[in-house]
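A.B. asks: Just passing along the structure, written as structure tokens.
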Amino acid sequence: MLGILVVGALALAFGLLLGYAALRYKVEGDPVADHIDKLLPQTQCGQCTFPGCRPYAEAIAAGEADINQCPPGGEDTVKAIAELLGVEPKPVNAENGTTSDVPLVAVIDEQTCIGCTLCIKACPVDAIVGTNKRMHTVIESECTGCKLCLPPCPVDCIIMVPPAGTPANWKWPHPQQQVQNT
Amino acid sequence: MSFLQLFRHLSPRPGLALDGHKQVSTTRAVTTLAASRCNILYLPLQQHAGSKARLRIKAGERVLRGQCLTWIEPGVSVPVHAPTSGYVSAIEAHPVAHPSGLSDTCIVLEPDGLDEADPQGLVPLPDYTRLDETTLRCRICEAGIVGLGGAVFPAAIKLNVKPDIPIRQLIINGAECEPWITCDDMLMRTRADEILAGARIMLQVLANHAPDGKLTALIGIEDNKPEAIAAMQAALARLAHSAPHTFRVVPIPTRYPAGGEKQLIQQLTGQEVPSGGRPADIGMICHNVATARAIYRAVVLGEPLMSRYVTVTGDGVREPANFEVPVGMPVEELVRHAGGMLEPDCTLTMGGSMMGMALHSPQVPVVKATNCIQVQRPVPERQPTPPMPCIRCGRCAEACPMSLLPQQLYWHARARELEQAETCHLFDCIECGCCTHVCPSHIPLVSYYRFAKADIRSKRAARTLADQARTRHAFREERLERAKRERAEKLARHKAAVRQQSPDTDTASTATEAGTASTPDARQAAINAALERAKAKKAALAKAEPESGENA
């Protein structure tokens, strides 16, 4: 009898303690989704079929999406997420799009642009400036290369190009690659 | 002697004993080349480590000697100055000294031969002992001074020590360990007084950081430069009666890379800079002799950094010597001053034989970082040998002056295992080239480390950009949400205002505005009223039309 009472009292005490701790140290939001979101490339391109990187991260965290639906992130991102979640990495799903080796940025042909502002509305990171019936242009340093501005353009004046090679963004190549190239 | 010390004595010494080839370029006197006599000068905007300078002049403008051509950007940046008066004929991409061989933005200056000084240039501050730390540091920054040993890090930032960090020692680097280069040697021989004066200014800047007011300066010079050591000691003797500070010239054994900042500190003081740390962490600041001289000229003479000592050497040049060269002079012209090339197909290298980079064009200008131009005959021994597999001999580890494991780093870098490479202290590698030099398989080890470092850095940069994109996206979402909310609120306010204005007079408008709130009867009545109005309008129009027709 005494044993039952003692154990019962202990259970009650710990239950209260845990209940208090759950309220006191409540974590806002979903920390797993936060961590996944940090690994995603933040292009907000929607190729993963979700409307942006954050929703995709939440879907992965909830187990509703696979980890290999992000073509811009490529293999590195899949590996990083796999490591975070403790699952096996897999190749990027080809259905979501292809992985580009070089990062691309959008460039508006300013001669053809009619100033319709449709691309500005489509850009998820506000990287296009311009106004009605005035020429638009892309801020290269802010463009994530998501290609979302391409479909709305009525005159097809936006093209994706690799950024211009300058000493500032040049990087040392892999020596073996260099040998193969030469 | 502890076991560790014994072990250190018995183990092979790191670094290399190399043939210096120093005597090639030290037999001739130093010639000063006037900027005003140059045909053309190319001044790259990026001559320092950090962010690119922003232009404050336009093409076509006339500039004067010492005029500041760029703005001082916040952060890590220094301005570029005009070495002589002349016209800016263009601001365009021009080949620069960079391993990629790519072009970068340069100010193209055509000297007019007048060499007119800028009256608004820097004011000489001969009485610097009365000036405070900040004023002196500002002057060093304004004068565009960077570390002239090769790293080109802005000197003012290196001298900007956090108030809580004590500094006990200033180290002046005159080691110049790399083969072929002799510009610091000749500078010490000819400008020893200026170097010491510059060092005294640096001591003045750092004076407040010395914990008990004691700040000593050590000048480390490799013992293969007896003339430079003698000249510095003579200058020190001249200074002795007036200098309250303690200076000491310390000859150090000649062994590559003794002139590396961390190696020199260890050689001079026995202390080791911690991994990933800076000399300031152990109470030391290290500057090159040429930087000290540039600081003297900037503060006492009010002269920005517009020229530097450059060695022109190698077996492919007629009269190898040292020159005081204006920044911006094309290498081709500089080589011509040294008697020209012996053979037309000689290779050009900027820097020494260990860390220098091949120049892709003879039109590349001399920049603040240029210490040496090597003109070498294209002999077969200098051609790179195809690499063979690593035989794990471990010679690279013996040679590494940073006590790293080059072989391990090589495996990781080759396999693109960047995280593992980083845990093997990849970023402590100073890229001195000792491992590559001793490798019996001719593996370009340093190239692998450079690749790995660049890859890690670019990944970090991509991460920063991604964070930026996330912030911008979040801001946009919030803005759209706010715009939507504001529109809804405005509409609601408008509706409320209309309702208040005409609660019962115009039932039709209230009914349409109120929408869902009105009864079906009221709606029907409103529709009927609208139909009536439309009919009346039509009738009026029909009446008006025949009239207008008659008029026409």
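Naming works like this for the structure tokens: A, B, ... for the chains as they're shown, residue 1 at the start of each chain, ligands 1 onward in shown order.
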Could you work out which residues of chain A fall inside 6 Å of chain B? Count only C-alpha atoms, and format the result as JSON, numbers by chain.
C.D. replies: {"A": [41, 42, 124, 125, 171, 172, 173, 174]}
A.B. asks: Quick one: residues within 6 Å of segment 64-81 of chain A, only C-alpha atoms, excluding same-chain residues fewer than 2 positions away - as a list in words?
C.D. replies: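 Those residues are Pro41, Cys48, Ala59, Ile60, Ala62, Glu83, Leu84, Pro89, Val92, Asn93, Asn96, Gly97, Thr98 and Thr99 of chain A.
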A.B. asks: Going by DSSP on the backbone, which residues of segment 11-142 of chain B come out as alpha helix (DSSP H)? List them as a list in words.
C.D. replies: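 Written out, the alpha helix (DSSP H) residues of segment 11-142 of chain B are Gln23, Val24, Ser25, Thr26, Glu133, Thr134, Thr135, Leu136, Arg137, Cys138, Arg139, Ile140, Cys141 and Glu142 of chain B.
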A.B. asks: Could you pull the residues within 10 Å of His412 of chain B, counting only C-alpha atoms, minus those fewer than 5 positions along the same chain, as a ChimeraX atom specification?
C.D. replies: /B:406-407,417-422,424,426,448-449,452
A.B. asks: Check segment 168-352 of chain B with DSSP on the backbone and list each residue it calls strand (DSSP E), as a PyMOL selection string.
C.D. replies: chain B and resi 169-174+216-222+246-252+284-288+307-313+321-326+347-350
A.B. asks: Which polymer residues have any atom within 7 Å of an atom of segment 155-169 of chain B, counting only C-alpha atoms, with same-chain residues fewer than 4 positions away left out, as number ranges by chain?
C.D. replies: B: 137, 140-141, 145-147, 209-211, 214-217, 280, 283-285
A.B. asks: For N, CA and C atoms, I'd like the residues from the last selection saved as a JSON list (two decimals), in the first residue's frame.
C.D. replies:
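Just written: again.json:
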```json
[["chain", "number", "residue", "atom", "x", "y", "z"],
["B", 137, "ARG", "N", 46.10, 56.74, -37.51],
["B", 137, "ARG", "CA", 45.52, 55.61, -38.25],
["B", 137, "ARG", "C", 44.73, 56.10, -39.46],
["B", 140, "ILE", "N", 47.10, 56.91, -42.19],
["B", 140, "ILE", "CA", 47.64, 55.70, -42.82],
["B", 140, "ILE", "C", 46.62, 55.12, -43.79],
["B", 141, "CYS", "N", 45.35, 55.19, -43.43],
["B", 141, "CYS", "CA", 44.29, 54.68, -44.30],
["B", 141, "CYS", "C", 44.12, 55.60, -45.52],
["B", 145, "ILE", "N", 47.71, 52.97, -47.62],
["B", 145, "ILE", "CA", 48.81, 52.05, -47.29],
["B", 145, "ILE", "C", 48.29, 50.66, -46.95],
["B", 146, "VAL", "N", 48.90, 49.69, -47.61],
["B", 146, "VAL", "CA", 48.57, 48.28, -47.37],
["B", 146, "VAL", "C", 49.87, 47.56, -47.02],
["B", 147, "GLY", "N", 49.75, 46.36, -46.51],
["B", 147, "GLY", "CA", 50.92, 45.55, -46.18],
["B", 147, "GLY", "C", 51.70, 45.26, -47.45],
["B", 209, "HIS", "N", 48.34, 50.78, -26.11],
["B", 209, "HIS", "CA", 47.98, 49.38, -25.90],
["B", 209, "HIS", "C", 49.03, 48.62, -25.10],
["B", 210, "ALA", "N", 50.19, 49.25, -24.89],
["B", 210, "ALA", "CA", 51.23, 48.58, -24.11],
["B", 210, "ALA", "C", 50.78, 48.56, -22.64],
["B", 211, "PRO", "N", 50.71, 47.38, -22.04],
["B", 211, "PRO", "CA", 50.14, 47.28, -20.69],
["B", 211, "PRO", "C", 50.88, 48.13, -19.66],
["B", 214, "LYS", "N", 55.57, 49.64, -21.86],
["B", 214, "LYS", "CA", 56.77, 49.06, -22.47],
["B", 214, "LYS", "C", 56.42, 48.42, -23.79],
["B", 215, "LEU", "N", 56.98, 48.96, -24.83],
["B", 215, "LEU", "CA", 56.70, 48.43, -26.15],
["B", 215, "LEU", "C", 58.04, 48.36, -26.88],
["B", 216, "THR", "N", 58.43, 47.18, -27.27],
["B", 216, "THR", "CA", 59.72, 47.06, -27.95],
["B", 216, "THR", "C", 59.48, 46.72, -29.42],
["B", 217, "ALA", "N", 60.46, 47.05, -30.21],
["B", 217, "ALA", "CA", 60.37, 46.74, -31.63],
["B", 217, "ALA", "C", 61.55, 45.86, -32.03],
["B", 280, "ALA", "N", 48.19, 39.62, -32.89],
["B", 280, "ALA", "CA", 47.72, 40.48, -31.80],
["B", 280, "ALA", "C", 47.24, 39.64, -30.61],
["B", 283, "GLY", "N", 49.91, 39.47, -28.31],
["B", 283, "GLY", "CA", 50.52, 40.76, -27.98],
["B", 283, "GLY", "C", 51.55, 41.25, -28.97],
["B", 284, "MET", "N", 51.37, 40.90, -30.23],
["B", 284, "MET", "CA", 52.36, 41.33, -31.23],
["B", 284, "MET", "C", 51.69, 41.88, -32.48],
["B", 285, "ILE", "N", 52.37, 42.81, -33.12],
["B", 285, "ILE", "CA", 51.91, 43.34, -34.41],
["B", 285, "ILE", "C", 53.11, 43.27, -35.33]]
```
A.B. asks: Using Å and a single decimal, report how far atom CA of Val138 of chain A sits from atom CA of Glu110 of chain A.
C.D. replies: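 These atoms are spaced 10.2 Å apart.
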A.B. asks: Find the residues around Val80 of chain B up to 12 Å (only C-alpha atoms counted), leave out those fewer than 5 positions away in its own chain, and share them as a VMD selection string.
C.D. replies: chain B and resid 42 to 48 52 to 57 65 to 73 106 to 107 141 to 146 304 to 307 327 to 328 367 to 368
A.B. asks: Convert the current residue selection to file output with N, CA and C atoms, as a CSV table (one decimal), in the first residue's frame.
C.D. replies:
```
chain,number,residue,atom,x,y,z
B,42,TYR,N,48.3,52.3,-65.6
B,42,TYR,CA,47.0,51.6,-65.4
B,42,TYR,C,46.9,51.4,-63.9
B,43,LEU,N,45.8,52.0,-63.3
B,43,LEU,CA,45.7,51.9,-61.8
B,43,LEU,C,44.4,51.0,-61.5
B,44,PRO,N,44.6,49.8,-61.1
B,44,PRO,CA,43.5,48.9,-60.8
B,44,PRO,C,42.8,49.5,-59.5
B,45,LEU,N,41.5,49.3,-59.5
B,45,LEU,CA,40.7,49.8,-58.3
B,45,LEU,C,40.9,48.8,-57.1
B,46,GLN,N,41.2,47.6,-57.5
B,46,GLN,CA,41.4,46.6,-56.4
B,46,GLN,C,42.9,46.3,-56.3
B,47,GLN,N,43.6,47.0,-55.4
B,47,GLN,CA,45.0,46.7,-55.1
B,47,GLN,C,45.2,46.2,-53.7
B,48,HIS,N,44.1,46.0,-53.0
B,48,HIS,CA,44.3,45.6,-51.6
B,48,HIS,C,43.3,44.5,-51.3
B,52,LYS,N,36.3,46.4,-53.1
B,52,LYS,CA,36.8,47.2,-54.2
B,52,LYS,C,36.5,48.6,-53.9
B,53,ALA,N,37.4,49.5,-54.3
B,53,ALA,CA,37.2,50.9,-54.1
B,53,ALA,C,36.2,51.5,-55.1
B,54,ARG,N,35.5,52.6,-54.8
B,54,ARG,CA,34.5,53.2,-55.6
B,54,ARG,C,35.1,54.5,-56.2
B,55,LEU,N,34.9,54.6,-57.5
B,55,LEU,CA,35.5,55.8,-58.2
B,55,LEU,C,34.9,57.1,-57.8
B,56,ARG,N,35.8,58.1,-57.7
B,56,ARG,CA,35.3,59.5,-57.5
B,56,ARG,C,35.7,60.4,-58.6
B,57,ILE,N,36.2,59.9,-59.7
B,57,ILE,CA,36.6,60.7,-60.9
B,57,ILE,C,35.9,60.1,-62.1
B,65,ARG,N,49.1,64.9,-59.1
B,65,ARG,CA,49.8,64.0,-58.3
B,65,ARG,C,49.4,63.9,-56.8
B,66,GLY,N,49.1,62.7,-56.4
B,66,GLY,CA,48.7,62.6,-55.0
B,66,GLY,C,47.2,62.7,-54.8
B,67,GLN,N,46.5,63.0,-55.9
B,67,GLN,CA,45.0,63.1,-55.8
B,67,GLN,C,44.4,61.8,-55.5
B,68,CYS,N,43.4,61.7,-54.6
B,68,CYS,CA,42.7,60.5,-54.3
B,68,CYS,C,41.7,60.2,-55.3
B,69,LEU,N,41.8,59.1,-56.0
B,69,LEU,CA,40.9,58.8,-57.1
B,69,LEU,C,39.7,58.0,-56.8
B,70,THR,N,39.7,57.4,-55.6
B,70,THR,CA,38.5,56.6,-55.2
B,70,THR,C,38.1,57.0,-53.8
B,71,TRP,N,36.9,56.6,-53.4
B,71,TRP,CA,36.3,56.9,-52.1
B,71,TRP,C,36.8,55.8,-51.2
B,72,ILE,N,36.9,56.2,-49.9
B,72,ILE,CA,37.3,55.2,-48.9
B,72,ILE,C,36.0,54.5,-48.5
B,73,GLU,N,35.9,53.2,-48.9
B,73,GLU,CA,34.7,52.4,-48.6
B,73,GLU,C,34.7,52.0,-47.1
B,106,CYS,N,40.3,49.3,-64.4
B,106,CYS,CA,41.5,50.1,-64.1
B,106,CYS,C,41.3,51.5,-64.5
B,107,ILE,N,41.9,52.5,-63.8
B,107,ILE,CA,41.9,53.9,-64.3
B,107,ILE,C,43.1,54.0,-65.2
B,141,CYS,N,45.4,55.2,-43.4
B,141,CYS,CA,44.3,54.7,-44.3
B,141,CYS,C,44.1,55.6,-45.5
B,142,GLU,N,44.0,56.9,-45.3
B,142,GLU,CA,43.9,57.9,-46.4
B,142,GLU,C,45.0,57.8,-47.4
B,143,ALA,N,46.2,57.5,-46.9
B,143,ALA,CA,47.3,57.4,-47.8
B,143,ALA,C,47.3,56.1,-48.6
B,144,GLY,N,46.3,55.3,-48.4
B,144,GLY,CA,46.2,54.1,-49.2
B,144,GLY,C,47.3,53.0,-48.9
B,145,ILE,N,47.7,53.0,-47.6
B,145,ILE,CA,48.8,52.1,-47.3
B,145,ILE,C,48.3,50.7,-47.0
B,146,VAL,N,48.9,49.7,-47.6
B,146,VAL,CA,48.6,48.3,-47.4
B,146,VAL,C,49.9,47.6,-47.0
B,304,PRO,N,51.0,60.1,-50.2
B,304,PRO,CA,50.3,58.8,-50.3
B,304,PRO,C,51.2,57.7,-50.9
B,305,LEU,N,50.7,56.5,-50.8
B,305,LEU,CA,51.5,55.3,-51.4
B,305,LEU,C,51.3,55.4,-52.9
B,306,MET,N,52.3,55.8,-53.6
B,306,MET,CA,52.2,55.9,-55.1
B,306,MET,C,53.3,55.2,-55.8
B,307,SER,N,54.3,54.8,-55.0
B,307,SER,CA,55.4,54.0,-55.7
B,307,SER,C,55.9,53.0,-54.7
B,327,VAL,N,53.2,53.1,-59.0
B,327,VAL,CA,52.2,52.1,-59.1
B,327,VAL,C,51.4,52.4,-60.4
B,328,GLY,N,51.2,51.4,-61.2
B,328,GLY,CA,50.5,51.5,-62.5
B,328,GLY,C,51.3,51.4,-63.7
B,367,VAL,N,51.4,46.8,-59.2
B,367,VAL,CA,50.5,47.3,-58.2
B,367,VAL,C,51.2,47.3,-56.8
B,368,LYS,N,50.4,47.7,-55.8
B,368,LYS,CA,51.0,47.9,-54.5
B,368,LYS,C,51.6,46.5,-54.0
```
A.B. asks: Write out as a PyMOL selection string the residues lying within 12 Å of Ala106 of chain A, counting only C-alpha atoms and excluding same-chain residues fewer than 2 positions away.
C.D. replies: chain A and resi 103-104+108-109+119+123+127-128+136-150+156-163
A.B. asks: With N, CA and C atoms kept, could you save the residues just selected as a PDB file, in the first residue's frame?
C.D. replies:
```pdb
ATOM      1  N   PRO A 103      25.884  28.839 -61.254  1.00  0.00           N
ATOM      2  CA  PRO A 103      24.717  29.619 -60.868  1.00  0.00           C
ATOM      3  C   PRO A 103      24.371  30.608 -61.978  1.00  0.00           C
ATOM      4  N   LEU A 104      23.085  30.745 -62.262  1.00  0.00           N
ATOM      5  CA  LEU A 104      22.665  31.657 -63.333  1.00  0.00           C
ATOM      6  C   LEU A 104      21.969  32.871 -62.721  1.00  0.00           C
ATOM      7  N   ILE A 108      17.603  41.202 -68.137  1.00  0.00           N
ATOM      8  CA  ILE A 108      16.511  41.721 -68.958  1.00  0.00           C
ATOM      9  C   ILE A 108      17.104  42.439 -70.167  1.00  0.00           C
ATOM     10  N   ASP A 109      16.628  42.065 -71.360  1.00  0.00           N
ATOM     11  CA  ASP A 109      17.049  42.795 -72.553  1.00  0.00           C
ATOM     12  C   ASP A 109      16.304  44.125 -72.537  1.00  0.00           C
ATOM     13  N   CYS A 119       7.153  40.826 -64.312  1.00  0.00           N
ATOM     14  CA  CYS A 119       8.297  40.111 -63.740  1.00  0.00           C
ATOM     15  C   CYS A 119       8.568  40.600 -62.320  1.00  0.00           C
ATOM     16  N   CYS A 123       8.962  38.181 -59.011  1.00  0.00           N
ATOM     17  CA  CYS A 123      10.253  37.974 -58.339  1.00  0.00           C
ATOM     18  C   CYS A 123      10.059  37.778 -56.840  1.00  0.00           C
ATOM     19  N   ALA A 127      14.226  41.428 -56.635  1.00  0.00           N
ATOM     20  CA  ALA A 127      15.519  41.720 -57.250  1.00  0.00           C
ATOM     21  C   ALA A 127      15.363  42.448 -58.579  1.00  0.00           C
ATOM     22  N   ILE A 128      14.109  42.798 -58.961  1.00  0.00           N
ATOM     23  CA  ILE A 128      13.909  43.527 -60.220  1.00  0.00           C
ATOM     24  C   ILE A 128      13.374  44.915 -59.879  1.00  0.00           C
ATOM     25  N   HIS A 136      12.824  47.869 -67.065  1.00  0.00           N
ATOM     26  CA  HIS A 136      13.111  47.127 -65.838  1.00  0.00           C
ATOM     27  C   HIS A 136      14.540  46.607 -65.900  1.00  0.00           C
ATOM     28  N   THR A 137      15.108  46.370 -64.733  1.00  0.00           N
ATOM     29  CA  THR A 137      16.439  45.745 -64.714  1.00  0.00           C
ATOM     30  C   THR A 137      16.583  44.869 -63.476  1.00  0.00           C
ATOM     31  N   VAL A 138      17.477  43.878 -63.598  1.00  0.00           N
ATOM     32  CA  VAL A 138      17.673  42.922 -62.506  1.00  0.00           C
ATOM     33  C   VAL A 138      18.882  43.352 -61.678  1.00  0.00           C
ATOM     34  N   ILE A 139      18.743  43.349 -60.363  1.00  0.00           N
ATOM     35  CA  ILE A 139      19.895  43.610 -59.492  1.00  0.00           C
ATOM     36  C   ILE A 139      20.649  42.287 -59.393  1.00  0.00           C
ATOM     37  N   GLU A 140      21.796  42.229 -60.065  1.00  0.00           N
ATOM     38  CA  GLU A 140      22.489  40.949 -60.211  1.00  0.00           C
ATOM     39  C   GLU A 140      22.845  40.319 -58.874  1.00  0.00           C
ATOM     40  N   SER A 141      23.279  41.168 -57.930  1.00  0.00           N
ATOM     41  CA  SER A 141      23.749  40.613 -56.664  1.00  0.00           C
ATOM     42  C   SER A 141      22.608  40.012 -55.845  1.00  0.00           C
ATOM     43  N   GLU A 142      21.364  40.370 -56.160  1.00  0.00           N
ATOM     44  CA  GLU A 142      20.243  39.871 -55.369  1.00  0.00           C
ATOM     45  C   GLU A 142      19.493  38.745 -56.066  1.00  0.00           C
ATOM     46  N   CYS A 143      19.754  38.530 -57.354  1.00  0.00           N
ATOM     47  CA  CYS A 143      19.021  37.514 -58.118  1.00  0.00           C
ATOM     48  C   CYS A 143      19.438  36.126 -57.656  1.00  0.00           C
ATOM     49  N   THR A 144      18.446  35.276 -57.370  1.00  0.00           N
ATOM     50  CA  THR A 144      18.757  33.915 -56.923  1.00  0.00           C
ATOM     51  C   THR A 144      18.720  32.922 -58.071  1.00  0.00           C
ATOM     52  N   GLY A 145      18.377  33.397 -59.274  1.00  0.00           N
ATOM     53  CA  GLY A 145      18.345  32.511 -60.439  1.00  0.00           C
ATOM     54  C   GLY A 145      17.177  31.542 -60.418  1.00  0.00           C
ATOM     55  N   CYS A 146      16.015  31.957 -59.864  1.00  0.00           N
ATOM     56  CA  CYS A 146      14.881  31.038 -59.703  1.00  0.00           C
ATOM     57  C   CYS A 146      14.085  30.856 -60.986  1.00  0.00           C
ATOM     58  N   LYS A 147      14.277  31.710 -61.963  1.00  0.00           N
ATOM     59  CA  LYS A 147      13.609  31.655 -63.268  1.00  0.00           C
ATOM     60  C   LYS A 147      12.110  31.934 -63.189  1.00  0.00           C
ATOM     61  N   LEU A 148      11.604  32.415 -62.060  1.00  0.00           N
ATOM     62  CA  LEU A 148      10.168  32.675 -61.937  1.00  0.00           C
ATOM     63  C   LEU A 148       9.732  33.871 -62.767  1.00  0.00           C
ATOM     64  N   CYS A 149      10.688  34.709 -63.162  1.00  0.00           N
ATOM     65  CA  CYS A 149      10.328  35.887 -63.954  1.00  0.00           C
ATOM     66  C   CYS A 149      10.196  35.540 -65.431  1.00  0.00           C
ATOM     67  N   LEU A 150      10.674  34.361 -65.846  1.00  0.00           N
ATOM     68  CA  LEU A 150      10.650  34.030 -67.272  1.00  0.00           C
ATOM     69  C   LEU A 150       9.227  33.829 -67.810  1.00  0.00           C
ATOM     70  N   ASP A 156       9.142  37.890 -73.781  1.00  0.00           N
ATOM     71  CA  ASP A 156      10.290  36.974 -73.643  1.00  0.00           C
ATOM     72  C   ASP A 156      11.625  37.707 -73.706  1.00  0.00           C
ATOM     73  N   CYS A 157      11.772  38.751 -72.905  1.00  0.00           N
ATOM     74  CA  CYS A 157      13.011  39.525 -72.984  1.00  0.00           C
ATOM     75  C   CYS A 157      13.959  39.207 -71.834  1.00  0.00           C
ATOM     76  N   ILE A 158      13.639  38.169 -71.051  1.00  0.00           N
ATOM     77  CA  ILE A 158      14.527  37.821 -69.930  1.00  0.00           C
ATOM     78  C   ILE A 158      15.281  36.545 -70.281  1.00  0.00           C
ATOM     79  N   ILE A 159      16.583  36.583 -70.116  1.00  0.00           N
ATOM     80  CA  ILE A 159      17.379  35.372 -70.343  1.00  0.00           C
ATOM     81  C   ILE A 159      18.191  35.076 -69.092  1.00  0.00           C
ATOM     82  N   MET A 160      18.552  33.800 -68.930  1.00  0.00           N
ATOM     83  CA  MET A 160      19.376  33.395 -67.794  1.00  0.00           C
ATOM     84  C   MET A 160      20.810  33.252 -68.279  1.00  0.00           C
ATOM     85  N   VAL A 161      21.728  33.942 -67.636  1.00  0.00           N
ATOM     86  CA  VAL A 161      23.138  33.849 -68.043  1.00  0.00           C
ATOM     87  C   VAL A 161      24.004  33.604 -66.809  1.00  0.00           C
ATOM     88  N   PRO A 162      25.159  32.942 -66.992  1.00  0.00           N
ATOM     89  CA  PRO A 162      26.087  32.850 -65.863  1.00  0.00           C
ATOM     90  C   PRO A 162      26.678  34.229 -65.602  1.00  0.00           C
ATOM     91  N   PRO A 163      26.919  34.600 -64.333  1.00  0.00           N
ATOM     92  CA  PRO A 163      27.458  35.934 -64.066  1.00  0.00           C
ATOM     93  C   PRO A 163      28.829  36.116 -64.713  1.00  0.00           C
TER      94      PRO A 163
END
```
A.B. asks: Tell me, in Å to one decimal, how far atom CA of Gly50 of chain B is from atom CA of Val76 of chain B.
C.D. replies: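 Taking atom CA of Gly50 of chain B and atom CA of Val76 of chain B, their separation equals 4.9 Å.
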A.B. asks: List as a ChimeraX atom specification the protein and nucleic acid residues near His425 of chain B, meaning an atom at most 9 Å away when only C-alpha atoms are counted, but skip any in the same chain fewer than 2 places from it.
C.D. replies: /B:275-276,404-405,409,420-423,427-429
A.B. asks: Could you tell me which of A:Gly46, A:Gly63, A:Gly8, A:Pro51 comes closest to Ala33 of chain A if we count only C-alpha atoms?
C.D. replies: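 Under the stated criterion, the closest residue is A:Gly63.
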A.B. asks: To one decimal in Å, tell me the separation between atom CA of Arg248 of chain B and atom CA of Leu170 of chain B.
C.D. replies: 10.5 Å
